[in-house]
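Chemist: target_38.txt (compact mmCIF, C-alpha atoms) pasted underneath:
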```
# COMPACT_ATOMS: atom_id res chain seq x y z
CA MET A 33 -7.70 -18.72 43.67
CA GLU A 34 -7.84 -15.73 46.00
CA ASN A 35 -4.21 -14.98 45.19
CA LEU A 36 -4.86 -15.19 41.46
CA GLU A 37 -7.78 -12.81 41.88
CA ARG A 38 -5.50 -10.27 43.51
CA ILE A 39 -2.89 -10.66 40.78
CA ILE A 40 -5.50 -10.17 38.06
CA THR A 41 -6.98 -7.15 39.84
CA ASP A 42 -3.52 -5.51 39.82
CA HIS A 43 -3.10 -5.90 36.06
CA PRO A 44 -3.68 -2.69 34.04
CA PHE A 45 -5.93 -4.49 31.53
CA VAL A 46 -8.66 -5.15 34.08
CA LYS A 47 -8.42 -1.68 35.65
CA GLY A 48 -11.93 -0.37 36.28
CA LEU A 49 -13.60 -3.77 36.10
CA PRO A 50 -15.95 -4.31 39.09
CA PRO A 51 -14.91 -7.04 41.58
CA GLU A 52 -17.89 -9.26 40.66
CA HIS A 53 -16.71 -9.37 37.04
CA ILE A 54 -13.13 -10.10 38.09
CA ARG A 55 -14.40 -12.97 40.24
CA LEU A 56 -16.21 -14.37 37.20
CA ILE A 57 -13.16 -14.33 34.92
CA VAL A 58 -10.78 -15.70 37.56
CA GLY A 59 -12.53 -19.04 37.09
CA CYS A 60 -11.11 -19.18 33.55
CA ALA A 61 -7.57 -18.12 34.52
CA ALA A 62 -4.32 -19.93 35.33
CA ASN A 63 -0.72 -18.93 36.00
CA VAL A 64 1.73 -19.55 33.14
CA VAL A 65 5.53 -19.33 33.18
CA CYS A 66 7.62 -19.50 29.99
CA LYS A 67 11.38 -19.54 29.58
CA GLU A 68 13.56 -17.67 27.11
CA GLY A 69 13.40 -19.13 23.61
CA GLU A 70 10.09 -20.92 24.12
CA PHE A 71 7.04 -20.05 22.05
CA LEU A 72 3.90 -19.04 23.90
CA PHE A 73 2.04 -19.85 20.69
CA ARG A 74 2.82 -20.24 17.03
CA GLU A 75 1.07 -19.12 13.87
CA GLY A 76 -1.72 -21.46 12.84
CA GLU A 77 -2.16 -23.09 16.24
CA PRO A 78 -5.65 -23.12 17.79
CA ALA A 79 -6.20 -19.81 19.57
CA ASP A 80 -7.93 -21.01 22.69
CA LYS A 81 -6.28 -18.55 25.10
CA PHE A 82 -5.24 -14.98 25.71
CA TYR A 83 -2.64 -13.82 28.20
CA LEU A 84 -1.94 -10.91 30.51
CA ILE A 85 1.79 -10.38 31.00
CA ARG A 86 2.79 -9.96 34.64
CA GLN A 87 6.53 -9.90 34.18
CA GLY A 88 9.04 -10.47 31.38
CA ARG A 89 9.08 -9.80 27.67
CA LEU A 90 8.05 -11.52 24.47
CA MET A 91 8.21 -10.79 20.77
CA ILE A 92 5.41 -11.06 18.24
CA GLU A 93 7.01 -12.42 15.09
CA SER A 94 6.22 -13.74 11.66
CA HIS A 95 8.36 -16.17 9.74
CA ILE A 96 9.13 -15.19 6.17
CA PRO A 97 10.72 -17.81 3.89
CA HIS A 98 14.40 -17.03 3.15
CA ARG A 99 14.33 -14.12 5.62
CA GLY A 100 13.60 -15.92 8.85
CA ALA A 101 11.68 -14.52 11.81
CA ILE A 102 10.70 -10.86 11.47
CA SER A 103 10.04 -9.05 14.74
CA ILE A 104 6.86 -7.01 14.70
CA GLN A 105 6.24 -5.90 18.27
CA THR A 106 7.67 -6.34 21.74
CA LEU A 107 5.22 -6.87 24.59
CA GLY A 108 6.03 -6.71 28.28
CA GLU A 109 4.71 -6.21 31.78
CA GLY A 110 1.16 -4.88 31.80
CA ASP A 111 0.43 -5.86 28.18
CA LEU A 112 -2.13 -8.23 26.75
CA VAL A 113 -1.23 -10.84 24.15
CA GLY A 114 -3.61 -12.74 21.87
CA TRP A 115 -7.04 -11.83 20.59
CA SER A 116 -7.54 -14.54 17.97
CA TRP A 117 -9.64 -16.44 20.55
CA LEU A 118 -12.39 -13.84 20.04
CA LEU A 119 -13.20 -14.61 16.43
CA PRO A 120 -13.51 -17.72 14.29
CA PRO A 121 -11.59 -19.63 13.07
CA TYR A 122 -9.79 -19.19 16.44
CA ARG A 123 -6.24 -19.56 15.10
CA PHE A 124 -3.17 -17.51 16.04
CA HIS A 125 -1.90 -15.35 13.20
CA PHE A 126 1.64 -14.77 14.53
CA ASP A 127 4.30 -16.40 16.66
CA ALA A 128 4.90 -15.23 20.24
CA ARG A 129 8.53 -15.93 21.19
CA ILE A 130 9.64 -15.50 24.80
CA CYS A 131 12.67 -13.15 25.10
CA GLU A 132 13.25 -13.68 28.83
CA THR A 133 11.55 -15.69 31.56
CA THR A 134 7.98 -14.43 31.47
CA ARG A 135 5.13 -14.81 33.92
CA LEU A 136 1.65 -14.54 32.55
CA ILE A 137 -1.96 -15.20 33.39
CA GLY A 138 -3.58 -17.36 30.74
CA PHE A 139 -7.34 -17.21 30.16
CA ASP A 140 -9.27 -20.06 28.59
CA GLY A 141 -11.12 -18.53 25.63
CA LYS A 142 -13.91 -21.09 25.43
CA CYS A 143 -14.61 -20.74 29.15
CA LEU A 144 -14.75 -16.95 28.80
CA ARG A 145 -16.99 -17.01 25.73
CA GLU A 146 -19.48 -19.17 27.62
CA LYS A 147 -19.47 -16.72 30.53
CA PHE A 148 -19.96 -13.79 28.15
CA ASP A 149 -22.98 -15.54 26.58
CA LYS A 150 -24.51 -15.94 30.05
CA ASP A 151 -23.54 -12.43 31.19
CA PRO A 152 -23.55 -10.02 28.21
CA VAL A 153 -22.65 -7.05 30.46
CA LEU A 154 -19.41 -8.76 31.43
CA GLY A 155 -18.83 -9.64 27.77
CA TYR A 156 -19.41 -6.03 26.68
CA GLU A 157 -17.02 -4.64 29.30
CA ILE A 158 -14.25 -7.06 28.30
CA MET A 159 -14.88 -6.42 24.60
CA LYS A 160 -14.52 -2.65 25.18
CA LYS A 161 -11.12 -3.30 26.76
CA PHE A 162 -10.06 -5.52 23.87
CA ALA A 163 -11.29 -2.91 21.36
CA SER A 164 -9.11 -0.27 23.03
CA VAL A 165 -6.01 -2.51 22.90
CA MET A 166 -6.73 -3.44 19.27
CA ALA A 167 -7.23 0.22 18.28
CA ASP A 168 -3.88 1.17 19.85
CA CYS A 169 -2.25 -1.71 18.04
CA LEU A 170 -3.82 -0.70 14.72
CA ASP A 171 -2.62 2.90 15.16
CA ALA A 172 0.88 1.70 15.99
CA THR A 173 0.94 -0.64 13.00
CA ARG A 174 -0.19 2.15 10.68
CA LEU A 175 2.51 4.44 12.03
CA GLN A 176 5.05 1.64 11.63
CA MET A 177 3.99 1.20 8.00
CA LEU A 178 4.51 4.88 7.23
CA GLU A 179 8.30 4.60 7.61
CA VAL A 180 8.17 8.03 9.24
CA TYR A 181 11.89 8.31 9.88
CA GLY A 182 12.82 7.86 6.24
CA ASP A 183 12.78 11.46 5.07
CA HIS A 184 13.23 13.38 8.31
CA MET B 1353 1.16 34.66 18.72
CA ALA B 1354 3.09 34.04 21.87
CA THR B 1355 6.26 32.07 21.48
CA THR B 1356 8.40 30.07 23.84
CA LYS B 1357 11.41 32.29 23.31
CA THR B 1358 12.99 32.97 26.66
CA LYS B 1359 14.54 36.25 27.67
CA ALA B 1360 17.93 34.61 27.75
CA ALA B 1361 17.50 33.25 24.25
CA ALA B 1362 16.50 36.68 22.98
CA GLU B 1363 19.60 38.20 24.54
CA HIS B 1364 21.78 35.58 22.92
CA THR B 1365 20.30 36.29 19.52
CA CYS B 1366 20.50 40.04 19.78
CA THR B 1367 23.97 40.54 21.20
CA CYS B 1368 25.62 39.85 17.86
CA ASP B 1369 25.08 40.83 14.26
CA ALA B 1370 22.43 38.32 13.29
CA MET B 1371 23.60 37.98 9.70
CA ALA B 1372 27.35 37.92 10.36
CA VAL B 1373 29.14 34.71 9.37
CA ARG B 1374 31.82 33.77 11.87
CA PRO B 1375 34.76 31.63 10.82
CA TYR B 1376 35.05 28.24 12.51
CA ARG B 1377 37.31 25.25 11.92
CA ILE B 1378 36.40 21.60 11.83
CA GLN B 1379 37.83 19.84 14.85
CA ARG B 1380 36.35 16.42 14.08
CA VAL B 1381 33.83 14.76 11.80
CA LEU B 1382 32.20 11.78 13.52
CA THR B 1383 30.26 9.08 11.73
CA GLU B 1384 27.11 8.47 13.78
CA THR B 1385 25.23 6.01 11.51
CA TYR B 1386 25.53 4.98 7.87
CA ASP B 1387 23.88 8.25 6.78
CA THR B 1388 24.34 10.67 9.67
CA PHE B 1389 27.39 12.43 11.00
CA SER B 1390 28.39 15.07 13.54
CA VAL B 1391 30.79 17.95 13.07
CA GLU B 1392 32.65 19.50 15.99
CA LEU B 1393 33.59 23.12 15.35
CA THR B 1394 35.83 25.55 17.18
CA PRO B 1395 36.07 29.29 16.49
CA GLU B 1396 39.09 30.54 14.55
CA ASP B 1397 39.40 33.25 17.15
CA PRO B 1398 39.74 31.34 20.43
CA HIS B 1399 38.00 34.23 22.23
CA ALA B 1400 35.01 34.26 19.86
CA GLY B 1401 32.57 31.44 20.66
CA PHE B 1402 29.05 32.05 21.99
CA HIS B 1403 26.55 30.59 24.38
CA PHE B 1404 23.47 28.80 23.10
CA LEU B 1405 20.34 27.31 24.57
CA PRO B 1406 19.10 23.75 24.03
CA GLY B 1407 16.94 23.68 20.90
CA GLN B 1408 18.59 26.56 19.07
CA PHE B 1409 20.13 26.14 15.65
CA ASN B 1410 22.94 27.64 13.58
CA MET B 1411 23.27 28.32 9.87
CA LEU B 1412 26.37 26.44 8.76
CA TYR B 1413 28.07 27.67 5.61
CA VAL B 1414 30.24 25.33 3.59
CA TYR B 1415 32.22 27.90 1.62
CA GLY B 1416 31.51 27.82 -2.09
CA VAL B 1417 28.69 25.31 -1.71
CA GLY B 1418 25.92 26.75 0.44
CA GLU B 1419 24.33 27.25 3.81
CA VAL B 1420 22.09 24.91 5.87
CA PRO B 1421 20.24 25.26 9.17
CA ILE B 1422 21.28 22.59 11.66
CA SER B 1423 20.29 22.25 15.32
CA ILE B 1424 23.04 22.40 17.89
CA SER B 1425 23.45 18.94 19.41
CA GLY B 1426 26.29 19.58 21.84
CA ASP B 1427 26.47 20.38 25.54
CA PRO B 1428 25.28 23.94 26.31
CA ALA B 1429 27.71 23.97 29.24
CA LYS B 1430 30.59 23.61 26.78
CA PRO B 1431 29.86 26.33 24.24
CA LYS B 1432 33.44 26.63 22.97
CA THR B 1433 32.93 23.55 20.86
CA LEU B 1434 29.87 23.58 18.64
CA VAL B 1435 28.48 20.16 17.77
CA HIS B 1436 26.00 19.66 14.94
CA THR B 1437 24.52 16.36 13.82
CA THR B 1438 22.85 15.97 10.46
CA ARG B 1439 21.98 13.46 7.79
CA ALA B 1440 23.96 13.61 4.56
CA VAL B 1441 21.08 14.20 2.17
CA GLY B 1442 21.64 17.38 0.13
CA THR B 1443 24.51 19.07 -1.69
CA VAL B 1444 25.70 21.02 1.33
CA THR B 1445 25.49 18.26 3.95
CA LYS B 1446 27.10 15.72 1.59
CA ARG B 1447 29.99 18.13 1.07
CA MET B 1448 30.14 18.88 4.78
CA GLN B 1449 30.50 15.19 5.55
CA LYS B 1450 33.69 15.13 3.48
CA LEU B 1451 35.34 18.03 5.33
CA LYS B 1452 38.52 17.27 7.24
CA THR B 1453 39.99 18.50 10.50
CA GLY B 1454 41.11 22.10 10.06
CA ASP B 1455 38.75 22.90 7.17
CA ALA B 1456 36.86 26.18 7.44
CA VAL B 1457 33.10 26.51 7.97
CA GLY B 1458 31.08 29.69 8.44
CA VAL B 1459 28.65 29.89 11.35
CA ARG B 1460 25.68 32.22 11.83
CA GLY B 1461 23.59 32.00 14.94
CA PRO B 1462 22.40 30.88 17.37
CA TYR B 1463 18.83 31.29 16.21
CA GLY B 1464 15.39 30.28 17.35
CA THR B 1465 13.53 29.44 20.49
CA ALA B 1466 14.75 27.02 23.14
CA TRP B 1467 13.36 23.95 24.85
CA PRO B 1468 11.70 24.99 28.14
CA VAL B 1469 14.27 23.53 30.52
CA ALA B 1470 13.49 26.22 33.12
CA GLU B 1471 9.79 25.30 33.08
CA GLY B 1472 10.71 21.72 33.88
CA VAL B 1473 12.41 22.60 37.17
CA GLY B 1474 10.73 20.71 39.99
CA LYS B 1475 8.82 18.53 37.53
CA ASP B 1476 9.28 15.28 35.66
CA VAL B 1477 10.67 15.75 32.18
CA VAL B 1478 9.83 13.32 29.42
CA VAL B 1479 11.78 13.59 26.18
CA VAL B 1480 10.29 11.77 23.19
CA CYS B 1481 12.23 11.67 19.96
CA GLY B 1482 12.34 9.78 16.72
CA GLY B 1483 15.13 9.28 14.22
CA ILE B 1484 17.48 12.22 13.96
CA GLY B 1485 15.10 14.13 16.26
CA LEU B 1486 17.34 13.04 19.10
CA ALA B 1487 20.00 15.51 17.95
CA PRO B 1488 18.14 18.75 18.81
CA LEU B 1489 17.13 17.21 22.13
CA ARG B 1490 20.58 16.01 23.18
CA PRO B 1491 21.46 19.45 24.63
CA VAL B 1492 18.34 19.11 26.81
CA ILE B 1493 19.56 15.78 28.18
CA TYR B 1494 22.98 17.30 28.85
CA HIS B 1495 21.35 20.20 30.64
CA LEU B 1496 19.05 17.97 32.72
CA LEU B 1497 21.94 15.73 33.76
CA ASN B 1498 24.20 18.73 34.49
CA ASN B 1499 21.46 20.08 36.78
CA ARG B 1500 19.96 16.76 37.83
CA ALA B 1501 18.92 17.76 41.36
CA GLN B 1502 16.55 20.41 39.98
CA TYR B 1503 14.32 17.93 38.19
CA GLY B 1504 12.02 15.07 39.08
CA LYS B 1505 12.10 11.94 36.94
CA VAL B 1506 13.90 12.26 33.62
CA VAL B 1507 12.68 9.90 30.91
CA LEU B 1508 14.06 9.56 27.40
CA LEU B 1509 11.95 7.61 24.89
CA TYR B 1510 13.69 7.15 21.57
CA GLY B 1511 12.47 5.48 18.40
CA ALA B 1512 14.45 4.70 15.27
CA ARG B 1513 13.69 2.92 12.03
CA THR B 1514 16.11 0.02 12.56
CA PRO B 1515 18.94 -0.73 15.01
CA MET B 1516 21.34 0.61 12.34
CA ASP B 1517 19.64 4.01 12.56
CA ILE B 1518 20.12 4.52 16.29
CA LEU B 1519 21.99 7.74 16.90
CA TYR B 1520 24.63 8.32 19.62
CA TRP B 1521 24.62 4.61 20.51
CA LYS B 1522 27.53 4.80 22.98
CA MET B 1523 26.06 7.80 24.72
CA LEU B 1524 22.65 6.14 25.03
CA GLU B 1525 24.33 3.10 26.60
CA LYS B 1526 26.09 5.40 29.04
CA TRP B 1527 22.84 7.13 29.95
CA ARG B 1528 21.07 3.78 30.31
CA SER B 1529 23.62 2.71 32.88
CA ARG B 1530 22.78 5.69 35.10
CA PHE B 1531 20.17 5.45 37.81
CA ASP B 1532 18.91 9.02 37.46
CA ILE B 1533 17.55 8.79 33.91
CA GLU B 1534 15.21 6.23 32.34
CA VAL B 1535 16.15 5.48 28.74
CA HIS B 1536 13.89 3.35 26.57
CA ILE B 1537 14.72 2.65 22.95
CA THR B 1538 12.59 0.99 20.30
CA VAL B 1539 12.93 0.33 16.59
CA ASP B 1540 10.20 0.07 13.98
CA ARG B 1541 11.85 -2.95 12.42
CA GLY B 1542 13.98 -5.39 14.37
CA ALA B 1543 16.74 -7.09 12.48
CA GLY B 1544 19.70 -9.38 13.03
CA ASP B 1545 20.60 -9.91 16.66
CA TRP B 1546 18.55 -6.97 17.97
CA MET B 1547 17.21 -7.99 21.38
CA GLY B 1548 15.58 -4.70 22.33
CA ASN B 1549 12.09 -3.32 21.83
CA VAL B 1550 10.31 -3.44 18.48
CA GLY B 1551 7.40 -1.11 17.82
CA VAL B 1552 6.79 2.60 17.38
CA VAL B 1553 8.00 5.10 19.97
CA THR B 1554 4.44 5.93 21.00
CA ASN B 1555 4.17 2.36 22.38
CA LEU B 1556 6.63 3.35 25.08
CA ILE B 1557 4.50 6.20 26.44
CA PRO B 1558 1.77 4.28 28.34
CA LYS B 1559 4.32 2.57 30.61
CA ALA B 1560 6.87 5.36 30.94
CA PRO B 1561 7.41 6.33 34.59
CA PHE B 1562 6.36 9.98 34.89
CA ASP B 1563 3.59 11.89 36.62
CA PRO B 1564 1.41 13.27 33.81
CA VAL B 1565 0.10 16.11 35.94
CA ASN B 1566 3.56 17.34 36.90
CA THR B 1567 5.46 16.81 33.65
CA VAL B 1568 6.94 18.78 30.81
CA ALA B 1569 7.16 16.81 27.56
CA MET B 1570 9.58 17.71 24.78
CA VAL B 1571 9.02 16.02 21.45
CA CYS B 1572 11.09 16.04 18.27
CA GLY B 1573 10.85 13.93 15.14
CA PRO B 1574 8.88 13.78 11.91
CA GLU B 1575 5.61 15.73 12.19
CA ILE B 1576 3.41 12.65 11.99
CA MET B 1577 5.39 11.03 14.79
CA MET B 1578 4.93 14.18 16.90
CA ARG B 1579 1.15 14.15 16.23
CA PHE B 1580 0.82 10.55 17.36
CA THR B 1581 3.09 11.22 20.34
CA ALA B 1582 0.88 14.14 21.39
CA LEU B 1583 -2.15 11.83 21.23
CA ALA B 1584 -0.42 9.17 23.34
CA LEU B 1585 0.67 11.80 25.87
CA ALA B 1586 -2.87 13.16 26.02
CA LYS B 1587 -4.12 9.64 26.71
CA ARG B 1588 -1.77 9.56 29.70
CA GLY B 1589 -3.26 12.85 30.89
CA VAL B 1590 -0.60 15.30 29.72
CA GLN B 1591 -2.17 18.60 28.59
CA ASP B 1592 -1.22 20.41 25.35
CA GLU B 1593 0.20 23.25 27.47
CA GLN B 1594 2.76 20.82 28.91
CA ILE B 1595 3.94 19.57 25.51
CA TYR B 1596 6.60 21.25 23.34
CA VAL B 1597 7.46 20.26 19.79
CA SER B 1598 10.21 21.29 17.39
CA MET B 1599 9.09 22.08 13.86
CA GLU B 1600 11.24 21.83 10.77
CA ARG B 1601 10.82 24.02 7.73
CA ASN B 1602 13.05 25.32 4.98
CA MET B 1603 14.93 27.94 7.00
CA LYS B 1604 17.17 30.35 5.07
CA CYS B 1605 17.80 33.72 6.71
CA GLY B 1606 17.32 32.58 10.31
CA ILE B 1607 15.80 35.89 11.40
CA GLY B 1608 12.30 35.90 9.91
CA LEU B 1609 13.01 38.12 6.93
CA CYS B 1610 13.03 35.90 3.87
CA GLY B 1611 9.78 34.00 4.50
CA HIS B 1612 11.07 30.60 3.40
CA CYS B 1613 10.09 28.97 6.68
CA GLN B 1614 6.73 30.68 7.06
CA MET B 1615 4.04 28.50 8.61
CA GLY B 1616 0.78 30.46 8.65
CA PRO B 1617 1.40 33.54 10.79
CA LEU B 1618 4.68 32.14 12.13
CA PHE B 1619 8.26 31.99 11.01
CA VAL B 1620 9.79 28.77 12.23
CA CYS B 1621 13.31 30.27 12.33
CA LYS B 1622 12.29 33.18 14.54
CA ASP B 1623 9.11 32.11 16.40
CA GLY B 1624 10.30 28.49 16.61
CA PRO B 1625 11.62 25.93 16.01
CA VAL B 1626 10.39 24.99 19.52
CA PHE B 1627 6.68 25.69 20.02
CA ARG B 1628 4.26 24.91 22.80
CA LEU B 1629 1.75 22.46 21.33
CA ASP B 1630 -1.41 24.42 22.19
CA LEU B 1631 -0.05 27.46 20.35
CA ILE B 1632 0.69 25.59 17.16
CA LYS B 1633 -1.91 22.81 17.17
CA PRO B 1634 -4.31 24.54 14.77
CA LEU B 1635 -1.49 24.66 12.19
CA PHE B 1636 -0.23 21.19 12.94
CA THR B 1637 -2.62 19.32 10.67
CA LYS B 1638 -3.31 22.05 8.09
CA ARG B 1639 -2.42 20.47 4.75
CA GLU B 1640 -2.01 23.83 2.97
CA ILE B 1641 0.81 24.67 5.42
```
Written as structure tokens, how would this file's structure read?
Modeler:
Amino acid sequence: MENLERIITDHPFVKGLPPEHIRLIVGCAANVVCKEGEFLFREGEPADKFYLIRQGRLMIESHIPHRGAISIQTLGEGDLVGWSWLLPPYRFHFDARICETTRLIGFDGKCLREKFDKDPVLGYEIMKKFASVMADCLDATRLQMLEVYGDH
Amino acid sequence: MATTKTKAAAEHTCTCDAMAVRPYRIQRVLTETYDTFSVELTPEDPHAGFHFLPGQFNMLYVYGVGEVPISISGDPAKPKTLVHTTRAVGTVTKRMQKLKTGDAVGVRGPYGTAWPVAEGVGKDVVVVCGGIGLAPLRPVIYHLLNNRAQYGKVVLLYGARTPMDILYWKMLEKWRSRFDIEVHITVDRGAGDWMGNVGVVTNLIPKAPFDPVNTVAMVCGPEIMMRFTALALAKRGVQDEQIYVSMERNMKCGIGLCGHCQMGPLFVCKDGPVFRLDLIKPLFTKREI
């Protein structure tokens, strides 16, 4: 557990989080290793986890009939993947396909939600971090939609 | 308003008749992507030629058709051969794409301000470009690699629409194989067997290996991409004074006389195209301009 705590502390997502909060969330965490071609999760599956990527690379995809899998975003070392665990109905909206052997830290969503209910300060701090990641992602998606390179 | 024009650039621009068209011949026309191409030009008079600085542009005249401003995309250390990369979109560039080896082209230039390669000495240099915006920045990469010991980390972040739109593919592969430059490429839309990054170029900035305090950033691409890039760089701690952008407007005369490229109090052809961000930021988001 001590080792996992150190690994989590080193991840950019938890940067700035006080040690007592890190100790609280470590209880909900576990190491995960996925191999190339595997799916970390698939669209429609229960979203009971989120992950911090330690090493490797994965692709967020959506499957479109007659077109196959469409790549939306690559995530790698230092990134966070999955926020569907935060809001009902707690289902993943996209596929996460592993591009190369990837090491992650998986967090149990239900376990975390219970801790947040007991310690709203911890919940608020984590939510602020998620909001920042989600805002960056929204900006990037909007820019992606603009097809900016089309007329340059 | 202060500009980034260096003394050397000014000398280059003033040592010749600014409006004189010099005869050049097509050496090669290279297909870069399905809609972009490069022309390599050599002077008719083998003693003619001229030096240029990274970021400067020439007016290229396709005889009987018209003239277009195109950034120089070749190696500044090899000025005898002028290289220009452009997209075949208008009458002149579409005609230019069909030119053959030995065909004549008129050249006026070089015009405009240069990328601040001297300011980057002793610092990290991060080059962020999107789409065909890599072309005006390629001379910078050549310069940095030709003078590699003078710089800290050199990072190239390049975004394209799809894998089919990636410019200078072979050259990027060559640069990626070097240990003294970090090259990261991403596409907005992955397709086919593309195994690389998918996402906008700004996604690459948070993890790019450079020291934000001791960095010069050079950015070229569509204006909206440059705005978002500036925001992402600011989030990393890079100040506006450390960021340079290249603006594109409808340049005609190349010397600030005709007014076609006017942007508020500035003429992009003469005061730009390379501007320091803090000097141009107020105009950056002005819709009337």
Chemist: Could you name the residues that touch A:Gly76 at 9 Å or less, counting only C-alpha atoms, but leaving out those on the same chain fewer than 6 positions away, as a list in words?
Modeler: Arg123, Phe124, His125, Phe126 and Asp127 of chain A
Chemist: Go ahead and find all residues with at least one atom no further than 12 Å from (3.2, 10.8, 20.6) in the file's coordinates, using only C-alpha atoms; report them as an MDAnalysis selection string.
Modeler: (chainID A and resid 168 171:172 175) or (chainID B and resid 1478:1482 1509:1511 1552:1558 1569:1588 1590 1592 1595:1597 1629)
Chemist: Looking at only C-alpha atoms, which of A:Thr133, A:Ile102, A:Lys67, A:Pro120 is the one that sits closest to A:Arg145?
Modeler: A:Pro120
Chemist: In Å, how far is it from atom CA of B:Phe1409 to atom CA of B:Ile1632?
Modeler: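 So the answer is 19.5 Å.
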Chemist: Here is a test: counting all atoms listed in the file, which residue of B:Gly1624, B:Ile1493, B:Gly1485, B:Leu1524 is nearest to chain A?
Modeler: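 So, comparing all the options, the nearest one is B:Gly1485.
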Chemist: For a quick check of understanding, using all atoms listed in the file, which of B:Thr1445, B:Gln1614, B:Asn1499, B:Asn1410 has the smallest distance to B:Val1459?
Modeler: B:Asn1410
Chemist: Could you list, as an mmCIF file with C-alpha atoms, keeping the file's coordinate frame, every residue of chain A that has an atom within 10 Å of an atom of chain B, counting only C-alpha atoms?
Modeler:
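Final file, selection13.cif:
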```
data_model
loop_
_atom_site.group_PDB
_atom_site.id
_atom_site.type_symbol
_atom_site.label_atom_id
_atom_site.label_comp_id
_atom_site.auth_asym_id
_atom_site.auth_seq_id
_atom_site.Cartn_x
_atom_site.Cartn_y
_atom_site.Cartn_z
ATOM 1 C CA ARG A 89 9.080 -9.800 27.670
ATOM 2 C CA LEU A 90 8.050 -11.520 24.470
ATOM 3 C CA MET A 91 8.210 -10.790 20.770
ATOM 4 C CA ILE A 92 5.410 -11.060 18.240
ATOM 5 C CA GLU A 93 7.010 -12.420 15.090
ATOM 6 C CA GLY A 100 13.600 -15.920 8.850
ATOM 7 C CA ALA A 101 11.680 -14.520 11.810
ATOM 8 C CA ILE A 102 10.700 -10.860 11.470
ATOM 9 C CA SER A 103 10.040 -9.050 14.740
ATOM 10 C CA ILE A 104 6.860 -7.010 14.700
ATOM 11 C CA GLN A 105 6.240 -5.900 18.270
ATOM 12 C CA THR A 106 7.670 -6.340 21.740
ATOM 13 C CA LEU A 107 5.220 -6.870 24.590
ATOM 14 C CA GLY A 108 6.030 -6.710 28.280
ATOM 15 C CA GLU A 109 4.710 -6.210 31.780
ATOM 16 C CA GLY A 110 1.160 -4.880 31.800
ATOM 17 C CA ASP A 111 0.430 -5.860 28.180
ATOM 18 C CA CYS A 131 12.670 -13.150 25.100
ATOM 19 C CA ASP A 168 -3.880 1.170 19.850
ATOM 20 C CA CYS A 169 -2.250 -1.710 18.040
ATOM 21 C CA ASP A 171 -2.620 2.900 15.160
ATOM 22 C CA ALA A 172 0.880 1.700 15.990
ATOM 23 C CA THR A 173 0.940 -0.640 13.000
ATOM 24 C CA ARG A 174 -0.190 2.150 10.680
ATOM 25 C CA LEU A 175 2.510 4.440 12.030
ATOM 26 C CA GLN A 176 5.050 1.640 11.630
ATOM 27 C CA MET A 177 3.990 1.200 8.000
ATOM 28 C CA LEU A 178 4.510 4.880 7.230
ATOM 29 C CA GLU A 179 8.300 4.600 7.610
ATOM 30 C CA VAL A 180 8.170 8.030 9.240
ATOM 31 C CA TYR A 181 11.890 8.310 9.880
ATOM 32 C CA GLY A 182 12.820 7.860 6.240
ATOM 33 C CA ASP A 183 12.780 11.460 5.070
ATOM 34 C CA HIS A 184 13.230 13.380 8.310
#
```
Chemist: May I have the residues within 6 Å of B:Ser1425 as a list in words, using all atoms listed in the file and disregarding those fewer than 5 positions away in the same chain?
Modeler: Val1435, His1436, Ala1487, Pro1488, Arg1490 and Pro1491 of chain B
Chemist: Atoms to include: C-alpha atoms. Write the selected residues as an mmCIF file, keeping the file's coordinate frame.
Modeler:
```cif
data_model
loop_
_atom_site.group_PDB
_atom_site.id
_atom_site.type_symbol
_atom_site.label_atom_id
_atom_site.label_comp_id
_atom_site.auth_asym_id
_atom_site.auth_seq_id
_atom_site.Cartn_x
_atom_site.Cartn_y
_atom_site.Cartn_z
ATOM 1 C CA VAL B 1435 28.480 20.160 17.770
ATOM 2 C CA HIS B 1436 26.000 19.660 14.940
ATOM 3 C CA ALA B 1487 20.000 15.510 17.950
ATOM 4 C CA PRO B 1488 18.140 18.750 18.810
ATOM 5 C CA ARG B 1490 20.580 16.010 23.180
ATOM 6 C CA PRO B 1491 21.460 19.450 24.630
#
```
Chemist: At what distance in Å, to one decimal, does atom CA of A:Arg135 lie from atom CA of A:Val65?
Modeler: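 Distance between the two atoms: 4.6 Å.
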Chemist: Using all atoms listed in the file, which of the listed residues (B:Asp1630, B:Arg1374, B:Tyr1463, B:Glu1525) sits closest to B:Gly1608?
Modeler: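 So, comparing all the options, the nearest one is B:Tyr1463.
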Chemist: Just give me the gap between atom CA of B:Phe1389 and atom CA of B:Leu1451 in Å, one decimal is fine.
Modeler: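 It comes out at 11.3 Å.
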Chemist: Build an axis-aligned box that encloses every atom of stretch 157-166 of chain A listed in the file, pad it by 3 Å on each side, and report its centre and edge lengths in Å to one decimal, as lines of an AutoDock Vina configuration file.
Modeler:
```
center_x = -11.5
center_y = -3.7
center_z = 24.3
size_x = 17.0
size_y = 12.8
size_z = 16.0
```
Chemist: For A:Lys161, please output as a list of chain:residue names all residues within 12 Å (counting all atoms listed in the file; exclusion window: fewer than 4 positions along the same chain).
Modeler: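 Once the nearby chain positions are removed, what remains is A:Pro44, A:Phe45, A:Val46, A:Lys47, A:Gly48, A:Leu49, A:Asp111, A:Leu112, A:Trp115, A:Leu154, A:Gly155, A:Tyr156, A:Glu157, A:Val165, A:Met166, A:Ala167, A:Asp168.
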Chemist: Which one is closest to A:Ala128: A:Asp140, A:Glu52, A:Glu75, A:Asp80? Count all atoms listed in the file.
Modeler: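 Counting all atoms listed in the file, the residue closest to A:Ala128 is A:Glu75.
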